[in-house]
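Shown next, in structure tokens, is the structure this report addresses.
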Amino acid sequence: IDIAQIQFNAGDVALPYQPRQYAEELALCMRYFEKSYDVDVTPGSSTGWGMETLFAHDIIGIGGNIDLFRSGPIRFKVPKRVTPTIQVFNRATRTIKSLRNDSAGTDIQFMSLDLITGGQSQVNVRLLDLSGPNTINAGDMLSYHWTADAEL
């Protein structure tokens with residue numbers, strides 16, 4: 001059995017079927033989940049499109065923390081229903097809890113992240129307890145992808 005394109009109407013008069021436009025349906029879905037990846041790209045995929053970039057302001061050693069909001073907060077296209085859970089992905093290796101140091105050609109892992117300020121329209125994220133092959137130098141370009149999950 002395949003049932004599709006159902007419309008419920010209040011009252012006893014049936015109205016013509018009115019499907020939603022793609023942009024309207026996408027905006028309604030983004031209230032629950034949004035990502036920096038393109039719409040047709042699965043989170044955790046290796047792609048450079050839609051990624052966020054950040055230039056390090058200070059030297060950060062192993063075990064240190066880095067604020068992703070030094071270049072501005074992660075702003076959502078659609079306000080979420082609640083403050084979302086954020087995940088950060090390395091754009092090169094596709095791994096979670098990692099970002100790419102494009103200047104050094106290395107990957108940086110972190111143990112956890114903290115929402116410094118969070119809300120339904122934007123969040124400021126701090127990555128905690130960094131690890132990797134070397135330190136981050138001032139001026140290094142870092143890149144990453146993110147997802148924001150505000151499911152029920």
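Identifiers for the structure tokens are assigned positionally: chains receive A, B, ... in sequence, residues are indexed from 1 per chain, and ligands are indexed from 1 in the order shown.
Every protein, DNA or RNA residue with an atom at most 7 Å from Ala27 of chain A, where only C-alpha atoms count and chain neighbours fewer than 4 positions away do not, is listed here: Ala23, Arg31 and Val78 of chain A.
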Requested write-out: C-alpha atoms of the selected residues, as a PDB file, in the first residue's frame:
```
ATOM      1  CA  ALA A  23      11.655  25.802  -0.180  1.00  0.00           C
ATOM      2  CA  ARG A  31      13.521  23.970  12.210  1.00  0.00           C
ATOM      3  CA  VAL A  78      15.923  28.995  10.158  1.00  0.00           C
TER       4      VAL A  78
END
```
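Residue-level DSSP output for chain A, from the backbone, shows alpha helix (DSSP H) at Tyr22, Ala23, Glu24, Glu25, Leu26, Ala27, Leu28, Cys29 and Met30 of chain A.
When only C-alpha atoms are used to measure the gap to Ser103 of chain A, the shortest distance among A:Val13, A:Phe55, A:Ala148, A:Gly118 belongs to A:Phe55.
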ask   = Could you pull out all residues of segment 24-137 of chain A with a DSSP call of strand (DSSP E or B) and give them as a VMD selection string?
value = chain A and resid 33 to 35 52 to 55 60 66 to 67 74 to 75 85 to 89 96 98 to 101 106 to 118 122 to 131 136
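When only C-alpha atoms are used to measure the gap to Asp140 of chain A, the shortest distance among A:Ser46, A:Thr106, A:Thr85, A:Asn9 belongs to A:Thr106.
Atom to atom, atom CA of Val39 of chain A and atom CA of Lys77 of chain A stand 12.5 Å apart.
Atom pair atom CA of Asn137 of chain A / atom CA of Asp67 of chain A has a distance of 14.1 Å (rounded to one decimal).
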message = Just checking: using only C-alpha atoms, which residue out of A:Glu25, A:Asp2, A:Glu34, A:Glu52 ends up closest to Ala150 of chain A?
response = A:Glu34
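Near Ile66 of chain A, within 7 Å and counting only C-alpha atoms, sit Arg126, Leu127 and Leu128 of chain A, not including residues fewer than 5 positions from it in the same chain.
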task = Please provide as number ranges by chain all residues within 10 Å of Gln87 of chain A, with the sequence filter that same-chain residues fewer than 6 positions apart are discarded (counting only C-alpha atoms).
result = A: 35, 43, 96-98, 112-113, 125, 145-149
ask   = By how many Å are atom CA of Phe76 of chain A and atom CA of Phe110 of chain A apart?
value = 23.2 Å
inquiry  = List the spatial neighbours of Ile59 of chain A as a ChimeraX atom specification - criterion: any atom at most 8 Å away, only C-alpha atoms, same-chain residues fewer than 4 positions off excluded.
reply    = /A:135-138
task = Write out as a PyMOL selection string which residues come within 7 Å of Gly132 of chain A when counting only C-alpha atoms, dropping same-chain ones fewer than 6 positions away.
result = chain A and resi 62+107-109
Atoms to include: C-alpha atoms. Write the selected residues as a compact mmCIF listing (two decimals), in the first residue's frame.
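part-v7.txt, freshly written:
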```txt
# COMPACT_ATOMS: atom_id res chain seq x y z
CA ILE A 62 47.76 20.30 22.78
CA ASP A 107 43.92 17.28 11.65
CA ILE A 108 42.98 18.40 15.14
CA GLN A 109 40.77 16.32 17.40
```
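Omitting Pro73 of chain A and its sequence neighbours fewer than 6 positions away, and counting only C-alpha atoms, the residues within 7 Å are A:Gln122, A:Val123, A:Asn124.
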File dump, residues just selected, C-alpha atoms, as a compact mmCIF listing (two decimals), in the first residue's frame:
```
# COMPACT_ATOMS: atom_id res chain seq x y z
CA GLN A 122 22.77 31.06 16.52
CA VAL A 123 25.34 29.41 18.81
CA ASN A 124 28.88 30.14 19.95
```
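Candidate residues A:Ile60, A:Leu152, A:Ala104, A:Ile116 were compared for distance to Ser131 of chain A, and the nearest is A:Ile60, using only C-alpha atoms.
Closest approach to Thr93 of chain A among A:Leu68, A:His57, A:Gly44, A:Ser36 is made by A:Gly44 (distances from only C-alpha atoms).
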